[in-house]
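This is protein.cif. It holds mmCIF, C-alpha atoms.
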```
data_target
#
loop_
_atom_site.label_atom_id
_atom_site.label_comp_id
_atom_site.auth_asym_id
_atom_site.auth_seq_id
_atom_site.Cartn_x
_atom_site.Cartn_y
_atom_site.Cartn_z
CA MET A 469 7.75 -23.63 -21.56
CA LEU A 470 11.15 -23.62 -19.90
CA GLU A 471 14.18 -23.45 -22.15
CA GLU A 472 15.60 -26.91 -22.63
CA ALA A 473 18.73 -26.00 -20.66
CA ALA A 474 16.59 -24.75 -17.77
CA ARG A 475 14.07 -27.58 -17.76
CA PRO A 476 14.38 -30.23 -15.03
CA ARG A 477 13.89 -33.10 -17.46
CA ASP A 478 14.61 -35.73 -14.83
CA SER A 479 12.16 -34.28 -12.29
CA ALA A 480 8.80 -35.96 -11.93
CA THR A 481 7.65 -33.19 -9.57
CA LEU A 482 8.00 -30.29 -11.98
CA GLY A 483 7.64 -32.30 -15.15
CA SER A 484 6.87 -29.95 -18.03
CA MET A 485 5.83 -27.00 -15.85
CA THR A 486 7.29 -23.58 -16.58
CA TRP A 487 9.07 -21.74 -13.80
CA ASN A 488 6.04 -19.45 -13.53
CA GLU A 489 3.81 -22.45 -12.97
CA ALA A 490 6.24 -23.83 -10.41
CA PHE A 491 6.14 -20.58 -8.41
CA ASP A 492 2.34 -20.48 -8.66
CA GLU A 493 2.14 -24.02 -7.31
CA LEU A 494 4.45 -23.13 -4.43
CA GLY A 495 2.32 -20.04 -3.76
CA VAL A 496 5.29 -17.73 -3.23
CA THR A 497 6.77 -14.61 -4.77
CA VAL A 498 10.31 -15.46 -3.70
CA ALA A 499 11.35 -19.11 -3.40
CA SER A 500 14.28 -20.48 -1.49
CA ARG A 501 16.74 -22.81 -3.14
CA ALA A 502 15.55 -25.54 -0.77
CA GLN A 503 11.93 -25.08 -1.87
CA LEU A 504 12.82 -25.33 -5.55
CA LEU A 505 15.04 -28.36 -5.05
CA ALA A 506 12.30 -30.05 -3.03
CA ALA A 507 9.91 -29.33 -5.89
CA GLY A 508 12.15 -31.23 -8.28
CA ALA A 509 14.61 -28.65 -9.61
CA ARG A 510 18.31 -29.45 -9.96
CA PRO A 511 21.18 -27.05 -9.15
CA ARG A 512 22.34 -26.89 -12.78
CA TYR A 513 18.83 -26.02 -13.97
CA LEU A 514 18.56 -23.19 -11.44
CA THR A 515 21.84 -21.83 -12.73
CA ALA A 516 20.69 -22.14 -16.34
CA ALA A 517 17.35 -20.48 -15.55
CA VAL A 518 19.12 -17.49 -14.02
CA ARG A 519 21.53 -17.19 -16.94
CA SER A 520 18.71 -17.36 -19.47
CA GLY A 521 16.56 -14.83 -17.62
CA TYR A 522 13.78 -17.13 -16.48
CA LEU A 523 14.69 -16.55 -12.83
CA LEU A 524 16.39 -13.84 -10.81
CA ARG A 525 18.81 -14.75 -8.04
CA VAL A 526 17.66 -12.08 -5.62
CA ARG A 527 19.97 -13.00 -2.78
CA ARG A 528 22.01 -16.05 -1.96
CA ASP A 529 19.68 -19.08 -2.17
CA HIS A 530 16.64 -16.90 -2.95
CA TYR A 531 14.99 -16.81 -6.39
CA ALA A 532 12.16 -14.82 -7.98
CA ARG A 533 10.49 -14.37 -11.32
CA PRO A 534 11.74 -11.42 -13.39
CA ASP A 535 8.41 -9.62 -13.07
CA ALA A 536 8.42 -9.63 -9.25
CA PRO A 537 7.71 -6.13 -7.81
CA ARG A 538 10.81 -3.98 -7.36
CA SER A 539 10.00 -3.31 -3.71
CA VAL A 540 9.80 -7.04 -3.01
CA LEU A 541 13.15 -7.67 -4.66
CA GLN A 542 14.75 -4.84 -2.70
CA SER A 543 13.44 -6.03 0.66
CA VAL A 544 14.65 -9.59 0.10
CA ARG A 545 18.05 -8.42 -1.19
CA VAL A 546 18.59 -6.35 1.93
CA GLY A 547 17.64 -9.32 4.11
CA GLY A 548 14.16 -8.48 5.37
CA ARG A 549 10.51 -8.23 4.38
CA LEU A 550 8.25 -5.46 3.12
CA ALA A 551 6.95 -3.27 5.93
CA CYS A 552 4.89 -0.16 6.67
CA LEU A 553 3.77 1.70 3.51
CA SER A 554 5.31 -0.89 1.20
CA THR A 555 3.28 -3.71 2.77
CA LEU A 556 0.06 -1.72 2.50
CA SER A 557 0.70 -0.79 -1.12
CA HIS A 558 1.50 -4.43 -1.91
CA ALA A 559 -1.81 -5.44 -0.26
CA GLY A 560 -3.88 -2.86 -2.17
CA ILE A 561 -4.48 -0.66 0.90
CA PHE A 562 -4.09 3.12 0.66
CA ALA A 563 -0.55 4.25 1.34
CA ILE A 564 0.75 7.75 0.78
CA ASP A 565 3.18 7.90 -2.13
CA ASP A 566 6.74 7.12 -1.05
CA SER A 567 9.57 6.37 -3.43
CA ARG A 568 11.47 4.50 -0.72
CA THR A 569 10.96 0.84 0.08
CA HIS A 570 10.06 0.19 3.71
CA ILE A 571 11.76 -2.95 5.04
CA HIS A 572 11.38 -4.77 8.34
CA LEU A 573 14.51 -6.41 9.73
CA ASP A 574 14.86 -8.80 12.64
CA ARG A 575 16.98 -7.56 15.51
CA THR A 576 19.44 -10.35 14.73
CA ALA A 577 19.63 -9.60 11.00
CA SER A 578 23.17 -9.55 9.66
CA ARG A 579 25.04 -9.48 6.35
CA LEU A 580 22.63 -6.86 5.03
CA ARG A 581 23.03 -6.22 1.32
CA HIS A 582 22.49 -3.30 -1.04
CA PRO A 583 18.81 -3.09 -2.15
CA ASN A 584 19.79 -3.12 -5.83
CA ASP A 585 22.85 -5.38 -5.80
CA ALA A 586 23.12 -8.42 -3.54
CA ARG A 587 26.87 -8.56 -4.20
CA ARG A 588 27.43 -5.32 -2.30
CA PRO A 589 26.99 -4.72 1.45
CA LEU A 590 24.38 -2.24 2.62
CA PRO A 591 26.02 1.22 2.57
CA PRO A 592 25.81 3.66 5.50
CA ASN A 593 23.75 6.14 3.43
CA SER A 594 21.12 3.52 2.54
CA ARG A 595 18.31 5.49 4.20
CA ARG A 596 18.16 7.71 1.12
CA ASN A 597 16.61 4.80 -0.78
CA ILE A 598 15.00 2.61 1.88
CA THR A 599 13.42 2.99 5.30
CA MET A 600 14.34 0.28 7.78
CA HIS A 601 12.06 -0.85 10.61
CA TRP A 602 13.69 -2.77 13.46
CA SER A 603 10.94 -2.81 16.12
CA PRO A 604 9.67 -6.27 17.14
CA LEU A 605 6.51 -7.45 15.40
CA ASP A 606 3.36 -8.29 17.33
CA GLU A 607 2.46 -11.00 14.80
CA ALA A 608 5.79 -12.18 13.46
CA ASP A 609 4.22 -15.20 11.74
CA ALA A 610 1.61 -13.13 9.89
CA GLY A 611 2.07 -11.91 6.35
CA SER A 612 4.16 -13.86 3.89
CA GLU A 613 7.72 -14.73 3.00
CA VAL A 614 8.13 -11.24 1.52
CA SER A 615 5.94 -9.05 3.75
CA VAL A 616 4.96 -8.47 7.35
CA GLY A 617 1.25 -8.76 8.19
CA VAL A 618 -1.19 -5.90 7.64
CA LYS A 619 -1.71 -5.25 11.37
CA ASP A 620 2.01 -4.86 11.99
CA ALA A 621 2.32 -2.68 8.88
CA LEU A 622 -0.44 -0.39 10.14
CA ALA A 623 1.25 -0.13 13.54
CA GLN A 624 4.43 0.87 11.72
CA VAL A 625 2.60 3.47 9.65
CA ILE A 626 1.12 5.05 12.80
CA GLN A 627 4.63 5.54 14.20
CA CYS A 628 6.37 6.34 10.90
CA GLN A 629 4.06 8.66 9.00
CA ASP A 630 2.21 11.95 9.38
CA GLU A 631 -0.99 11.50 11.41
CA ARG A 632 -3.31 12.24 8.47
CA HIS A 633 -1.53 9.75 6.23
CA ALA A 634 -1.69 7.08 8.92
CA ILE A 635 -5.40 7.64 9.51
CA ALA A 636 -6.08 7.44 5.77
CA SER A 637 -4.39 4.02 5.68
CA LEU A 638 -6.31 2.83 8.76
CA ASP A 639 -9.62 4.07 7.32
CA ASN A 640 -9.00 2.27 4.06
CA ALA A 641 -7.95 -0.96 5.78
CA LEU A 642 -11.23 -0.92 7.72
CA PHE A 643 -13.28 -0.13 4.62
CA LEU A 644 -11.64 -2.96 2.67
CA LYS A 645 -12.16 -5.30 5.66
CA ALA A 646 -8.44 -6.02 5.84
CA ILE A 647 -8.90 -5.41 9.58
CA ASP A 648 -11.91 -5.09 11.88
CA LEU A 649 -12.58 -2.94 14.95
CA ARG A 650 -11.06 -5.52 17.28
CA ASP A 651 -7.89 -5.52 15.18
CA LEU A 652 -7.87 -1.72 15.27
CA ARG A 653 -7.98 -1.67 19.07
CA GLU A 654 -5.19 -4.25 19.24
CA ILE A 655 -3.02 -2.21 16.89
CA PHE A 656 -3.27 0.86 19.10
CA ALA A 657 -2.85 -1.18 22.28
CA ASN A 658 0.54 -2.26 20.93
CA CYS A 659 1.60 1.26 19.92
CA PRO A 660 3.23 3.76 22.29
CA GLN A 661 0.73 5.70 24.40
CA ARG A 662 1.57 8.97 22.65
CA PHE A 663 -0.40 7.78 19.60
CA ALA A 664 -3.62 7.05 21.53
CA GLY A 665 -5.20 10.30 20.35
CA VAL A 666 -5.15 9.07 16.75
CA LEU A 667 -7.66 6.25 17.36
CA PRO A 668 -10.80 8.41 17.85
CA ARG A 669 -10.23 10.01 14.45
CA VAL A 670 -10.28 6.72 12.52
CA ASP A 671 -13.49 6.17 10.53
CA GLY A 672 -13.88 3.16 8.26
CA ARG A 673 -16.75 4.64 6.25
CA ALA A 674 -14.40 6.48 3.91
CA GLU A 675 -14.22 4.68 0.56
CA ALA A 676 -10.81 6.06 -0.45
CA GLY A 677 -7.70 7.48 1.14
CA GLN A 678 -8.22 10.85 -0.52
CA GLU A 679 -11.63 11.11 1.11
CA THR A 680 -10.04 10.69 4.53
CA MET A 681 -7.40 13.29 3.69
CA LEU A 682 -10.13 15.77 2.74
CA ARG A 683 -12.08 15.07 5.93
CA LEU A 684 -9.04 15.58 8.15
CA LEU A 685 -7.99 18.73 6.30
CA LEU A 686 -11.41 20.27 6.88
CA GLU A 687 -11.79 19.05 10.47
CA ASP A 688 -8.36 20.39 11.39
CA ALA A 689 -9.56 23.77 10.10
CA GLY A 690 -12.49 23.63 12.54
CA LEU A 691 -15.14 22.65 10.01
CA HIS A 692 -17.76 19.97 10.73
CA CYS A 693 -18.01 17.11 8.24
CA ASP A 694 -20.76 14.54 7.78
CA LEU A 695 -19.53 11.41 5.99
CA GLN A 696 -21.28 9.34 3.34
CA VAL A 697 -24.48 11.41 3.25
CA THR A 698 -27.33 10.06 1.10
CA PHE A 699 -29.54 12.41 -0.90
CA PRO A 700 -32.84 10.74 -1.91
CA GLY A 701 -33.01 10.18 -5.64
CA ILE A 702 -29.37 11.22 -6.12
CA GLY A 703 -27.22 8.88 -4.08
CA ARG A 704 -24.42 9.09 -1.55
CA VAL A 705 -21.81 11.82 -1.44
CA ASP A 706 -18.46 11.69 0.33
CA LEU A 707 -18.72 14.71 2.63
CA VAL A 708 -21.14 17.47 3.53
CA VAL A 709 -19.28 20.33 5.19
CA GLU A 710 -21.09 22.46 7.79
CA GLY A 711 -24.35 21.09 6.40
CA ARG A 712 -24.03 23.30 3.33
CA VAL A 713 -21.27 22.27 0.90
CA VAL A 714 -20.72 18.88 -0.75
CA VAL A 715 -17.12 17.74 -1.15
CA GLU A 716 -16.28 14.67 -3.25
CA ALA A 717 -12.92 12.96 -3.67
CA ASP A 718 -12.18 12.91 -7.40
CA SER A 719 -9.65 10.17 -8.11
CA ARG A 720 -8.80 9.12 -11.64
CA LEU A 721 -8.57 5.53 -10.42
CA ALA A 722 -12.17 5.61 -9.23
CA HIS A 723 -13.61 7.94 -11.88
CA ASP A 724 -11.85 7.04 -15.11
CA GLY A 725 -14.06 6.86 -18.20
CA TRP A 726 -16.30 9.46 -19.77
CA GLU A 727 -19.58 7.86 -18.65
CA LEU A 728 -18.54 8.09 -15.00
CA HIS A 729 -17.51 11.71 -15.45
CA VAL A 730 -20.93 12.48 -16.93
CA ARG A 731 -22.62 10.72 -14.01
CA ASP A 732 -20.61 12.73 -11.49
CA ARG A 733 -21.31 16.04 -13.21
CA ASN A 734 -25.02 15.25 -13.28
CA ARG A 735 -24.89 14.50 -9.55
CA ASP A 736 -23.24 17.88 -8.99
CA ILE A 737 -26.10 19.57 -10.82
CA ASP A 738 -28.70 17.61 -8.89
CA VAL A 739 -27.28 18.45 -5.45
CA ALA A 740 -26.89 22.09 -6.54
CA ARG A 741 -30.62 22.13 -7.39
CA LEU A 742 -31.20 21.20 -3.76
CA GLY A 743 -29.11 24.17 -2.66
CA TYR A 744 -25.78 22.43 -2.06
CA PRO A 745 -22.80 23.75 -4.04
CA SER A 746 -20.19 21.03 -4.59
CA ILE A 747 -16.48 20.74 -5.25
CA ARG A 748 -14.40 17.80 -6.56
CA PRO A 749 -10.71 18.28 -5.82
CA ALA A 750 -8.41 16.05 -7.88
CA TYR A 751 -6.14 13.69 -5.96
CA GLN A 752 -2.98 15.61 -6.84
CA ARG A 753 -4.47 18.95 -5.71
CA THR A 754 -5.63 17.43 -2.42
CA MET A 755 -2.25 15.90 -1.68
CA GLN A 756 0.07 18.57 -3.04
CA ARG A 757 -1.83 21.83 -2.45
CA PRO A 758 -4.35 21.19 0.34
CA GLY A 759 -4.42 24.87 1.26
CA ASP A 760 -6.03 25.65 -2.10
CA VAL A 761 -8.77 23.10 -1.43
CA LEU A 762 -9.46 24.50 2.04
CA GLU A 763 -9.63 28.04 0.70
CA ALA A 764 -12.08 26.97 -2.01
CA VAL A 765 -14.37 25.21 0.46
CA ARG A 766 -14.34 28.22 2.76
CA GLY A 767 -15.22 30.41 -0.22
CA LEU A 768 -18.21 28.25 -1.06
CA LEU A 769 -19.36 28.27 2.57
CA ALA A 770 -19.13 32.04 2.65
CA ALA A 771 -21.07 32.36 -0.60
CA CYS A 772 -23.98 30.26 0.63
CA THR A 773 -24.27 31.76 4.11
#
```
What would you get if you wrote out this structure as structure tokens?
Amino acid sequence: MLEEAARPRDSATLGSMTWNEAFDELGVTVASRAQLLAAGARPRYLTAAVRSGYLLRVRRDHYARPDAPRSVLQSVRVGGRLACLSTLSHAGIFAIDDSRTHIHLDRTASRLRHPNDARRPLPPNSRRNITMHWSPLDEADAGSEVSVGVKDALAQVIQCQDERHAIASLDNALFLKAIDLRDLREIFANCPQRFAGVLPRVDGRAEAGQETMLRLLLEDAGLHCDLQVTFPGIGRVDLVVEGRVVVEADSRLAHDGWELHVRDRNRDIDVARLGYPSIRPAYQRTMQRPGDVLEAVRGLLAACT
């Protein structure tokens, strides 16, 4: 329950709700002062809630719960919304690791503040900690009060990130049904023409971003990859390279737990009995040392020629 000093005792709207319950009822991550007052809060109770730690005053007239994601708090403090990689990560779509918060700002945005301190103006060297996106949105009303929509975020990723990273995000968005093929075509129609060559390489069959990264690594090396190949009695594998080597994306997130590791190792044995050597690069090796993975696959191909 709210602390007595922070409880709007004279409010029939909030009644005995906690601040968490109030935010849940509003359906927002960051609430404006006007929203909270309309819901029955009183100015003195907002002040008391901030002082007692039940609420954070993120920016003037904007409040959040203390457990709100850091990236969300930073984007609102600056004066914008989550964008690009930060939006995708917030939505559970694959986004390459990036320590910076990506923030979309309206062309008319002013009085921009420091991402970690709303009392300070945004410094000139802010790009070391955040990436700002100023381009107009195609669906400005999509998304939420703290984030642009997924389609606009994907368009930003195409123009902001390395081609492989962008394709991995697009693949994953398709696989998760966050977008469909019509959305995909619209995204590219609204991107500069120089990115048109990326579209043919998008394939929504990949079940994880790492799988896409492996596919693109191997294709860029001139190797043919078949995706999501089913072996009777064994199941589906991520990639078969040149019709001879099985490559599986081994992510801790997807393969945590001893029973799943045993299952995967048994699958490796079963496909090897059919004459297909296999390799399971860990996520970190794929992302940080892709050359090692490519060399290993080429070695296996040479061994089974």
Shell around Leu573 in chain A at 12 Å using only C-alpha atoms, local window under 5 positions removed, as number ranges by chain
A: 543-552, 578-581, 598-605, 608, 614-616
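Atom to atom, CA of Ile561 in chain A and CA of Cys659 in chain A stand 20.1 Å apart.
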Rounded to one decimal place, report the CA of Gly677 in chain A-CA of Leu691 in chain A distance in Å.
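According to the coordinates, CA of Gly677 in chain A and CA of Leu691 in chain A are separated by 19.1 Å.
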What is the CA of Pro534 in chain A to CA of Arg596 in chain A distance in Å?
24.9 Å
Using only C-alpha atoms, which residue out of A:Gln661, A:Ser612, A:Asn734, A:Ser520 lies closest to Thr497 in chain A?
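Among A:Gln661, A:Ser612, A:Asn734, A:Ser520, it is A:Ser612 that comes nearest to Thr497 in chain A.
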